[in-house]
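Taking it in order: structure first as structure tokens, then the write-up.
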Amino acid sequence: MAFSTEDKEFICSVCGEKSVHTVLTEAEPPSGVPDLDLRPAGAPRKYMKYQAMECPNCGYCNSTLDIPFYPEKEYLSSDEYKSCSGIHTPNTDASRLIKKALALTGNHSYKDAVKSWLSAAWLLDDDCDINNAAECRRSAVKIIDGHPAAFKGDNNFKVLMADLLRRSGNFDRVVREFEGVAFRSQLMTAIAFFEVQLAAQGDDAAHRADEVPGVSAK
């Protein structure tokens, strides 16, 4: 069994309306090597549509609708939110993830917001929507740049930043900020070195972790 779902009723924390949504109840674990940005291999690539739900009444998006939203609810009617920050795509799953990222940013949940932008980018990658996928990654970069205290000392996001920058075409910054950088983790150091090599070649494609020279990834 790859995965199983069930329909469940939620009460929106913003408008109080009830709605039924499909949630993931069981999921097959990853099988294979992840990408450099930690996108899992195997069955979990099919599960991203269950990472965000949208209230049909007010448009609030989050992992579940019972999660409180702290900014003024009028934000959900703003052009930024309704237009998915200007990223127009027919992929409704990606749109929900973008709105979720915007809501999480409003809640000051910056790390989760970055992850939601990245999940949206993955779905757009699958659609071959390269420009919008890159724009999602740029939005994730803006969060990390704009809220350094939230990411201070977290080398996982530091290394992820290299891939976000490279996949969105900011090759010069990857080389400038990561060339010669060493982490306590040899794996992270090797990944950063590989990201610099790819950026120097103008390579903005997805790469798997087992492509890193000298690294055995399973």
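A note on labels: chains of the structure tokens are A, B, ... as shown, every chain counts residues from 1, and ligands are counted from 1 in their shown order.
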Kindly provide the residues of range 41-88 of chain A that approach range 13-29 of chain A to within 7 Å, each paired with its closest atom pair and their distance in Å to one decimal, based on only C-alpha atoms, listed by chain and increasing number, as CSV.
```
residue,atom,partner,partner_atom,distance
A:Ala43,CA,A:Glu28,CA,6.3
A:Pro44,CA,A:Pro29,CA,6.7
A:Tyr50,CA,A:Val23,CA,6.1
A:Asn57,CA,A:Glu17,CA,6.9
A:Cys58,CA,A:Cys15,CA,6.5
A:Leu65,CA,A:Ser13,CA,6.1
A:Asp66,CA,A:Ser13,CA,4.9
A:Ile67,CA,A:Ser13,CA,6.3
A:Pro68,CA,A:Ser13,CA,5.4
A:Phe69,CA,A:Val14,CA,6.5
A:Lys73,CA,A:Val14,CA,6.7
```
Can you write out the residues you just picked, keeping N, CA and C atoms, as a JSON list (two decimals), in the first residue's frame?
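Now in selection.json:
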```json
[["chain", "number", "residue", "atom", "x", "y", "z"],
["A", 43, "ALA", "N", 7.54, 7.26, -3.31],
["A", 43, "ALA", "CA", 6.12, 7.55, -3.10],
["A", 43, "ALA", "C", 5.81, 8.91, -2.48],
["A", 44, "PRO", "N", 6.63, 9.42, -1.52],
["A", 44, "PRO", "CA", 6.28, 10.71, -0.90],
["A", 44, "PRO", "C", 6.14, 11.86, -1.88],
["A", 50, "TYR", "N", -1.50, 16.82, -0.06],
["A", 50, "TYR", "CA", -2.13, 16.73, 1.26],
["A", 50, "TYR", "C", -1.45, 17.62, 2.30],
["A", 57, "ASN", "N", -14.59, 29.04, 2.30],
["A", 57, "ASN", "CA", -15.32, 30.27, 2.61],
["A", 57, "ASN", "C", -14.42, 31.50, 2.59],
["A", 58, "CYS", "N", -13.32, 31.46, 3.35],
["A", 58, "CYS", "CA", -12.47, 32.65, 3.47],
["A", 58, "CYS", "C", -11.14, 32.53, 2.75],
["A", 65, "LEU", "N", -6.92, 23.54, 8.93],
["A", 65, "LEU", "CA", -7.60, 24.83, 9.09],
["A", 65, "LEU", "C", -7.82, 25.22, 10.55],
["A", 66, "ASP", "N", -7.59, 24.30, 11.47],
["A", 66, "ASP", "CA", -7.76, 24.65, 12.88],
["A", 66, "ASP", "C", -6.51, 25.30, 13.48],
["A", 67, "ILE", "N", -5.47, 25.45, 12.69],
["A", 67, "ILE", "CA", -4.28, 26.17, 13.15],
["A", 67, "ILE", "C", -4.61, 27.66, 13.18],
["A", 68, "PRO", "N", -4.39, 28.34, 14.30],
["A", 68, "PRO", "CA", -4.75, 29.77, 14.38],
["A", 68, "PRO", "C", -3.96, 30.61, 13.39],
["A", 69, "PHE", "N", -4.61, 31.68, 12.91],
["A", 69, "PHE", "CA", -3.97, 32.66, 12.05],
["A", 69, "PHE", "C", -3.98, 33.99, 12.80],
["A", 73, "LYS", "N", -7.51, 39.14, 9.66],
["A", 73, "LYS", "CA", -8.06, 38.24, 8.64],
["A", 73, "LYS", "C", -8.25, 38.92, 7.30]]
```
Q.
I need the alpha helix (DSSP H) residues of range 74-190 of chain A per DSSP on the backbone, written as a PyMOL selection string.
A. chain A and resi 79-82+92-106+110-126+130-146+148-151+155-167+171-178+186-190
Q. Expressed in Å to a single decimal, how great is the separation between CA of Phe178 in chain A and CA of Pro148 in chain A?
A. 16.9 Å
Q | Pick from A:Ser185, A:Asn155, A:Asn131, A:Thr89 nearest to Ser168 in chain A, counting only C-alpha atoms | A |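 Of A:Ser185, A:Asn155, A:Asn131, A:Thr89, the one nearest Ser168 in chain A, counting only C-alpha atoms, is A:Asn131.
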Using DSSP assignments from the backbone, pull out every residue in range 16-203 of chain A that falls under strand (DSSP E or B) and give it to me as a PDB file with all heavy atoms, in the first residue's frame.
```
ATOM      1  N   LYS A  18     -17.315  25.261   8.703  1.00  0.00           N
ATOM      2  CA  LYS A  18     -16.926  23.859   8.651  1.00  0.00           C
ATOM      3  C   LYS A  18     -16.750  23.427   7.196  1.00  0.00           C
ATOM      4  O   LYS A  18     -17.494  23.868   6.318  1.00  0.00           O
ATOM      5  CB  LYS A  18     -17.990  22.981   9.312  1.00  0.00           C
ATOM      6  CG  LYS A  18     -18.182  23.231  10.805  1.00  0.00           C
ATOM      7  CD  LYS A  18     -19.270  22.317  11.352  1.00  0.00           C
ATOM      8  CE  LYS A  18     -19.490  22.557  12.847  1.00  0.00           C
ATOM      9  NZ  LYS A  18     -20.574  21.684  13.386  1.00  0.00           N
ATOM     10  N   SER A  19     -15.769  22.564   6.955  1.00  0.00           N
ATOM     11  CA  SER A  19     -15.575  22.002   5.619  1.00  0.00           C
ATOM     12  C   SER A  19     -14.864  20.664   5.747  1.00  0.00           C
ATOM     13  O   SER A  19     -14.183  20.393   6.739  1.00  0.00           O
ATOM     14  CB  SER A  19     -14.780  22.954   4.715  1.00  0.00           C
ATOM     15  OG  SER A  19     -13.543  23.309   5.310  1.00  0.00           O
ATOM     16  N   VAL A  20     -15.065  19.831   4.758  1.00  0.00           N
ATOM     17  CA  VAL A  20     -14.487  18.485   4.761  1.00  0.00           C
ATOM     18  C   VAL A  20     -13.290  18.444   3.823  1.00  0.00           C
ATOM     19  O   VAL A  20     -13.350  18.955   2.693  1.00  0.00           O
ATOM     20  CB  VAL A  20     -15.537  17.443   4.333  1.00  0.00           C
ATOM     21  CG1 VAL A  20     -14.909  16.053   4.229  1.00  0.00           C
ATOM     22  CG2 VAL A  20     -16.698  17.428   5.321  1.00  0.00           C
ATOM     23  N   HIS A  21     -12.215  17.830   4.305  1.00  0.00           N
ATOM     24  CA  HIS A  21     -10.978  17.759   3.523  1.00  0.00           C
ATOM     25  C   HIS A  21     -10.400  16.355   3.607  1.00  0.00           C
ATOM     26  O   HIS A  21     -10.583  15.649   4.601  1.00  0.00           O
ATOM     27  CB  HIS A  21      -9.955  18.777   4.034  1.00  0.00           C
ATOM     28  CG  HIS A  21     -10.446  20.186   3.965  1.00  0.00           C
ATOM     29  ND1 HIS A  21     -10.204  21.004   2.894  1.00  0.00           N
ATOM     30  CD2 HIS A  21     -11.208  20.905   4.832  1.00  0.00           C
ATOM     31  CE1 HIS A  21     -10.761  22.184   3.102  1.00  0.00           C
ATOM     32  NE2 HIS A  21     -11.383  22.144   4.267  1.00  0.00           N
ATOM     33  N   THR A  22      -9.694  15.962   2.566  1.00  0.00           N
ATOM     34  CA  THR A  22      -9.033  14.664   2.534  1.00  0.00           C
ATOM     35  C   THR A  22      -7.661  14.780   3.170  1.00  0.00           C
ATOM     36  O   THR A  22      -6.860  15.646   2.801  1.00  0.00           O
ATOM     37  CB  THR A  22      -8.889  14.167   1.082  1.00  0.00           C
ATOM     38  OG1 THR A  22     -10.187  14.091   0.481  1.00  0.00           O
ATOM     39  CG2 THR A  22      -8.257  12.795   1.044  1.00  0.00           C
ATOM     40  N   VAL A  23      -7.409  13.928   4.156  1.00  0.00           N
ATOM     41  CA  VAL A  23      -6.124  13.961   4.856  1.00  0.00           C
ATOM     42  C   VAL A  23      -5.419  12.617   4.692  1.00  0.00           C
ATOM     43  O   VAL A  23      -6.048  11.576   4.515  1.00  0.00           O
ATOM     44  CB  VAL A  23      -6.302  14.289   6.350  1.00  0.00           C
ATOM     45  CG1 VAL A  23      -6.892  15.676   6.530  1.00  0.00           C
ATOM     46  CG2 VAL A  23      -7.174  13.248   7.044  1.00  0.00           C
ATOM     47  N   LEU A  24      -4.120  12.668   4.747  1.00  0.00           N
ATOM     48  CA  LEU A  24      -3.288  11.473   4.637  1.00  0.00           C
ATOM     49  C   LEU A  24      -3.249  10.764   5.985  1.00  0.00           C
ATOM     50  O   LEU A  24      -2.973  11.388   7.003  1.00  0.00           O
ATOM     51  CB  LEU A  24      -1.884  11.891   4.210  1.00  0.00           C
ATOM     52  CG  LEU A  24      -0.902  10.820   3.745  1.00  0.00           C
ATOM     53  CD1 LEU A  24      -1.367  10.196   2.440  1.00  0.00           C
ATOM     54  CD2 LEU A  24       0.475  11.446   3.563  1.00  0.00           C
ATOM     55  N   THR A  25      -3.555   9.476   6.005  1.00  0.00           N
ATOM     56  CA  THR A  25      -3.552   8.724   7.264  1.00  0.00           C
ATOM     57  C   THR A  25      -2.381   7.757   7.361  1.00  0.00           C
ATOM     58  O   THR A  25      -1.865   7.514   8.447  1.00  0.00           O
ATOM     59  CB  THR A  25      -4.866   7.947   7.427  1.00  0.00           C
ATOM     60  OG1 THR A  25      -5.087   7.121   6.282  1.00  0.00           O
ATOM     61  CG2 THR A  25      -6.032   8.918   7.602  1.00  0.00           C
ATOM     62  N   GLU A  26      -1.976   7.182   6.248  1.00  0.00           N
ATOM     63  CA  GLU A  26      -0.810   6.309   6.211  1.00  0.00           C
ATOM     64  C   GLU A  26      -0.025   6.608   4.950  1.00  0.00           C
ATOM     65  O   GLU A  26      -0.609   6.915   3.914  1.00  0.00           O
ATOM     66  CB  GLU A  26      -1.205   4.835   6.222  1.00  0.00           C
ATOM     67  CG  GLU A  26      -1.793   4.350   7.540  1.00  0.00           C
ATOM     68  CD  GLU A  26      -2.031   2.848   7.513  1.00  0.00           C
ATOM     69  OE1 GLU A  26      -1.032   2.092   7.449  1.00  0.00           O
ATOM     70  OE2 GLU A  26      -3.202   2.440   7.535  1.00  0.00           O
ATOM     71  N   ALA A  27       1.285   6.521   5.057  1.00  0.00           N
ATOM     72  CA  ALA A  27       2.123   6.855   3.905  1.00  0.00           C
ATOM     73  C   ALA A  27       3.337   5.945   3.844  1.00  0.00           C
ATOM     74  O   ALA A  27       3.939   5.624   4.873  1.00  0.00           O
ATOM     75  CB  ALA A  27       2.566   8.310   3.970  1.00  0.00           C
ATOM     76  N   ASP A  35      16.881  14.543  -3.456  1.00  0.00           N
ATOM     77  CA  ASP A  35      17.578  15.601  -4.182  1.00  0.00           C
ATOM     78  C   ASP A  35      18.407  16.428  -3.208  1.00  0.00           C
ATOM     79  O   ASP A  35      18.266  16.307  -1.982  1.00  0.00           O
ATOM     80  CB  ASP A  35      16.570  16.513  -4.892  1.00  0.00           C
ATOM     81  CG  ASP A  35      15.868  15.815  -6.050  1.00  0.00           C
ATOM     82  OD1 ASP A  35      16.317  14.721  -6.455  1.00  0.00           O
ATOM     83  OD2 ASP A  35      14.864  16.360  -6.539  1.00  0.00           O
ATOM     84  N   MET A  53      -4.514  22.593   3.073  1.00  0.00           N
ATOM     85  CA  MET A  53      -5.947  22.634   2.781  1.00  0.00           C
ATOM     86  C   MET A  53      -6.401  24.083   2.794  1.00  0.00           C
ATOM     87  O   MET A  53      -5.772  24.937   3.426  1.00  0.00           O
ATOM     88  CB  MET A  53      -6.734  21.795   3.779  1.00  0.00           C
ATOM     89  CG  MET A  53      -6.563  22.165   5.228  1.00  0.00           C
ATOM     90  SD  MET A  53      -7.510  21.061   6.356  1.00  0.00           S
ATOM     91  CE  MET A  53      -6.721  19.470   6.088  1.00  0.00           C
ATOM     92  N   GLU A  54      -7.476  24.347   2.055  1.00  0.00           N
ATOM     93  CA  GLU A  54      -7.966  25.716   1.890  1.00  0.00           C
ATOM     94  C   GLU A  54      -9.421  25.810   2.317  1.00  0.00           C
ATOM     95  O   GLU A  54     -10.247  24.988   1.916  1.00  0.00           O
ATOM     96  CB  GLU A  54      -7.818  26.151   0.433  1.00  0.00           C
ATOM     97  CG  GLU A  54      -8.258  27.582   0.169  1.00  0.00           C
ATOM     98  CD  GLU A  54      -7.916  28.031  -1.242  1.00  0.00           C
ATOM     99  OE1 GLU A  54      -7.519  27.181  -2.066  1.00  0.00           O
ATOM    100  OE2 GLU A  54      -8.040  29.242  -1.519  1.00  0.00           O
ATOM    101  N   CYS A  61      -5.381  29.103   4.098  1.00  0.00           N
ATOM    102  CA  CYS A  61      -4.649  27.873   3.811  1.00  0.00           C
ATOM    103  C   CYS A  61      -3.627  27.594   4.912  1.00  0.00           C
ATOM    104  O   CYS A  61      -2.899  28.488   5.352  1.00  0.00           O
ATOM    105  CB  CYS A  61      -3.912  27.973   2.477  1.00  0.00           C
ATOM    106  SG  CYS A  61      -4.964  27.932   1.026  1.00  0.00           S
ATOM    107  N   ASN A  62      -3.579  26.353   5.321  1.00  0.00           N
ATOM    108  CA  ASN A  62      -2.539  25.901   6.240  1.00  0.00           C
ATOM    109  C   ASN A  62      -2.526  24.377   6.210  1.00  0.00           C
ATOM    110  O   ASN A  62      -3.294  23.765   5.467  1.00  0.00           O
ATOM    111  CB  ASN A  62      -2.778  26.436   7.658  1.00  0.00           C
ATOM    112  CG  ASN A  62      -1.463  26.711   8.392  1.00  0.00           C
ATOM    113  OD1 ASN A  62      -0.515  25.933   8.271  1.00  0.00           O
ATOM    114  ND2 ASN A  62      -1.398  27.808   9.116  1.00  0.00           N
TER     115      ASN A  62
END
```
Q | Pick from A:Val212, A:Ile98, A:Ala113, A:Ile130, whichever lies nearest to Ser83 in chain A using only C-alpha atoms | A |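 Counting only C-alpha atoms, the residue closest to Ser83 in chain A is A:Ile98.
We find CA of Lys158 in chain A and CA of Ala41 in chain A to be spaced 21.8 Å apart.
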Would you kindly return, as a PDB file with C-alpha atoms, in the first residue's frame, each protein, DNA or RNA residue with an atom no farther than 7 Å from any atom of Leu118 in chain A, considering only C-alpha atoms and excluding same-chain residues fewer than 3 positions away?
```pdb
ATOM      1  CA  VAL A 114      10.339  28.157   3.519  1.00  0.00           C
ATOM      2  CA  LYS A 115       9.402  24.476   3.364  1.00  0.00           C
ATOM      3  CA  ALA A 121       8.398  24.739  -6.291  1.00  0.00           C
ATOM      4  CA  TRP A 122       8.610  20.944  -6.502  1.00  0.00           C
ATOM      5  CA  CYS A 136       8.958  30.187  -5.381  1.00  0.00           C
ATOM      6  CA  ARG A 137      12.587  29.517  -4.511  1.00  0.00           C
TER       7      ARG A 137
END
```
Q: Identify which of the residues A:Lys46, A:Asp93, A:Gln51, A:Asp37 lies closest to Leu165 in chain A, counting only C-alpha atoms when measuring atom-to-atom distances.
A: A:Asp37
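Taking CA of Phe10 in chain A as the reference point, CA of Tyr47 in chain A is found at 19.6 Å.
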Q) Between A:Leu76, A:Ala94, A:Ala52, A:Ala182, which has the minimum distance to Gly106 in chain A (counting only C-alpha atoms)? A)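 That would be A:Leu76, the residue with the smallest distance to Gly106 in chain A.
Using only C-alpha atoms, the shortest contact distance between Tyr60 in chain A and any of A:Gly169, A:Gly86, A:Lys99, A:Gly32 is found at A:Lys99.
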Q: Can you work out which one of A:Asn91, A:Gln197, A:Ser109, A:Ser85 has the shortest atom-to-atom distance to Asp127 in chain A, counting only C-alpha atoms?
A: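 Result for the nearest residue to Asp127 in chain A: A:Asn91.
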Q: For Arg167 in chain A, please output as an MDAnalysis selection string all residues within 9 Å (counting only C-alpha atoms; exclusion window: fewer than 2 positions along the same chain).
A: chainID A and resid 133:134 137 162:165 169:171 199 203:206
Next, dump the selected residues to file, keeping only all heavy atoms, as an mmCIF file, in the first residue's frame.
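Written output follows (again_8.cif):
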```cif
data_model
loop_
_atom_site.group_PDB
_atom_site.id
_atom_site.type_symbol
_atom_site.label_atom_id
_atom_site.label_comp_id
_atom_site.auth_asym_id
_atom_site.auth_seq_id
_atom_site.Cartn_x
_atom_site.Cartn_y
_atom_site.Cartn_z
ATOM 1 N N ALA A 133 8.559 28.066 -10.635
ATOM 2 C CA ALA A 133 9.301 27.279 -9.636
ATOM 3 C C ALA A 133 10.479 28.092 -9.099
ATOM 4 O O ALA A 133 10.742 28.114 -7.892
ATOM 5 C CB ALA A 133 9.779 25.965 -10.248
ATOM 6 N N ALA A 134 11.184 28.766 -10.001
ATOM 7 C CA ALA A 134 12.303 29.609 -9.585
ATOM 8 C C ALA A 134 11.817 30.759 -8.697
ATOM 9 O O ALA A 134 12.468 31.126 -7.713
ATOM 10 C CB ALA A 134 13.044 30.148 -10.796
ATOM 11 N N ARG A 137 11.299 29.641 -5.219
ATOM 12 C CA ARG A 137 12.587 29.517 -4.511
ATOM 13 C C ARG A 137 13.121 30.900 -4.125
ATOM 14 O O ARG A 137 13.690 31.060 -3.043
ATOM 15 C CB ARG A 137 13.582 28.758 -5.389
ATOM 16 C CG ARG A 137 13.236 27.283 -5.542
ATOM 17 C CD ARG A 137 14.257 26.510 -6.390
ATOM 18 N NE ARG A 137 14.058 25.081 -6.248
ATOM 19 C CZ ARG A 137 13.300 24.325 -7.062
ATOM 20 N NH1 ARG A 137 12.678 24.902 -8.095
ATOM 21 N NH2 ARG A 137 13.163 23.034 -6.842
ATOM 22 N N ALA A 162 21.973 27.367 -0.510
ATOM 23 C CA ALA A 162 22.812 27.239 -1.700
ATOM 24 C C ALA A 162 22.016 26.659 -2.864
ATOM 25 O O ALA A 162 22.118 27.115 -4.007
ATOM 26 C CB ALA A 162 24.033 26.378 -1.409
ATOM 27 N N ASP A 163 21.197 25.653 -2.572
ATOM 28 C CA ASP A 163 20.412 25.047 -3.649
ATOM 29 C C ASP A 163 19.290 25.961 -4.101
ATOM 30 O O ASP A 163 18.990 26.045 -5.297
ATOM 31 C CB ASP A 163 19.844 23.704 -3.185
ATOM 32 C CG ASP A 163 19.443 22.819 -4.362
ATOM 33 O OD1 ASP A 163 20.348 22.251 -5.007
ATOM 34 O OD2 ASP A 163 18.239 22.715 -4.649
ATOM 35 N N LEU A 164 18.644 26.660 -3.157
ATOM 36 C CA LEU A 164 17.590 27.611 -3.519
ATOM 37 C C LEU A 164 18.134 28.689 -4.455
ATOM 38 O O LEU A 164 17.501 29.044 -5.454
ATOM 39 C CB LEU A 164 17.013 28.261 -2.264
ATOM 40 C CG LEU A 164 16.177 27.381 -1.340
ATOM 41 C CD1 LEU A 164 15.914 28.104 -0.020
ATOM 42 C CD2 LEU A 164 14.849 27.004 -1.997
ATOM 43 N N LEU A 165 19.308 29.189 -4.134
ATOM 44 C CA LEU A 165 19.920 30.228 -4.963
ATOM 45 C C LEU A 165 20.304 29.688 -6.341
ATOM 46 O O LEU A 165 20.036 30.322 -7.364
ATOM 47 C CB LEU A 165 21.156 30.789 -4.261
ATOM 48 C CG LEU A 165 20.916 31.627 -3.006
ATOM 49 C CD1 LEU A 165 22.222 31.837 -2.252
ATOM 50 C CD2 LEU A 165 20.289 32.980 -3.369
ATOM 51 N N GLY A 169 18.784 30.518 -10.257
ATOM 52 C CA GLY A 169 19.655 31.228 -11.187
ATOM 53 C C GLY A 169 20.620 32.234 -10.597
ATOM 54 O O GLY A 169 21.291 32.947 -11.345
ATOM 55 N N ASN A 170 20.730 32.294 -9.276
ATOM 56 C CA ASN A 170 21.633 33.261 -8.646
ATOM 57 C C ASN A 170 22.999 32.600 -8.426
ATOM 58 O O ASN A 170 23.435 32.374 -7.294
ATOM 59 C CB ASN A 170 21.048 33.760 -7.324
ATOM 60 C CG ASN A 170 21.693 35.053 -6.857
ATOM 61 O OD1 ASN A 170 22.811 35.384 -7.258
ATOM 62 N ND2 ASN A 170 20.990 35.785 -6.013
ATOM 63 N N PHE A 171 23.660 32.301 -9.523
ATOM 64 C CA PHE A 171 24.907 31.545 -9.467
ATOM 65 C C PHE A 171 26.023 32.322 -8.765
ATOM 66 O O PHE A 171 26.802 31.748 -7.985
ATOM 67 C CB PHE A 171 25.355 31.160 -10.882
ATOM 68 C CG PHE A 171 24.314 30.417 -11.664
ATOM 69 C CD1 PHE A 171 23.873 30.904 -12.894
ATOM 70 C CD2 PHE A 171 23.761 29.249 -11.185
ATOM 71 C CE1 PHE A 171 22.918 30.223 -13.630
ATOM 72 C CE2 PHE A 171 22.796 28.555 -11.904
ATOM 73 C CZ PHE A 171 22.376 29.051 -13.132
ATOM 74 N N ALA A 199 27.095 25.806 -9.660
ATOM 75 C CA ALA A 199 26.796 27.219 -9.921
ATOM 76 C C ALA A 199 27.825 27.831 -10.865
ATOM 77 O O ALA A 199 27.475 28.626 -11.747
ATOM 78 C CB ALA A 199 26.756 27.988 -8.610
ATOM 79 N N ASP A 203 24.679 25.731 -13.844
ATOM 80 C CA ASP A 203 23.763 24.584 -13.801
ATOM 81 C C ASP A 203 22.659 24.863 -12.786
ATOM 82 O O ASP A 203 22.915 24.960 -11.586
ATOM 83 C CB ASP A 203 24.556 23.329 -13.406
ATOM 84 C CG ASP A 203 23.727 22.052 -13.487
ATOM 85 O OD1 ASP A 203 22.490 22.126 -13.386
ATOM 86 O OD2 ASP A 203 24.332 20.974 -13.623
ATOM 87 N N ASP A 204 21.400 24.981 -13.263
ATOM 88 C CA ASP A 204 20.289 25.232 -12.359
ATOM 89 C C ASP A 204 19.338 24.041 -12.270
ATOM 90 O O ASP A 204 18.191 24.161 -11.831
ATOM 91 C CB ASP A 204 19.502 26.483 -12.789
ATOM 92 C CG ASP A 204 18.870 26.349 -14.169
ATOM 93 O OD1 ASP A 204 19.067 25.295 -14.829
ATOM 94 O OD2 ASP A 204 18.182 27.291 -14.592
ATOM 95 N N ALA A 205 19.809 22.864 -12.658
ATOM 96 C CA ALA A 205 18.974 21.666 -12.669
ATOM 97 C C ALA A 205 18.933 20.995 -11.303
ATOM 98 O O ALA A 205 19.766 21.259 -10.423
ATOM 99 C CB ALA A 205 19.489 20.686 -13.712
ATOM 100 N N ALA A 206 17.976 20.096 -11.132
ATOM 101 C CA ALA A 206 17.909 19.286 -9.911
ATOM 102 C C ALA A 206 19.008 18.233 -9.947
ATOM 103 O O ALA A 206 19.301 17.656 -11.002
ATOM 104 C CB ALA A 206 16.540 18.621 -9.800
#
```
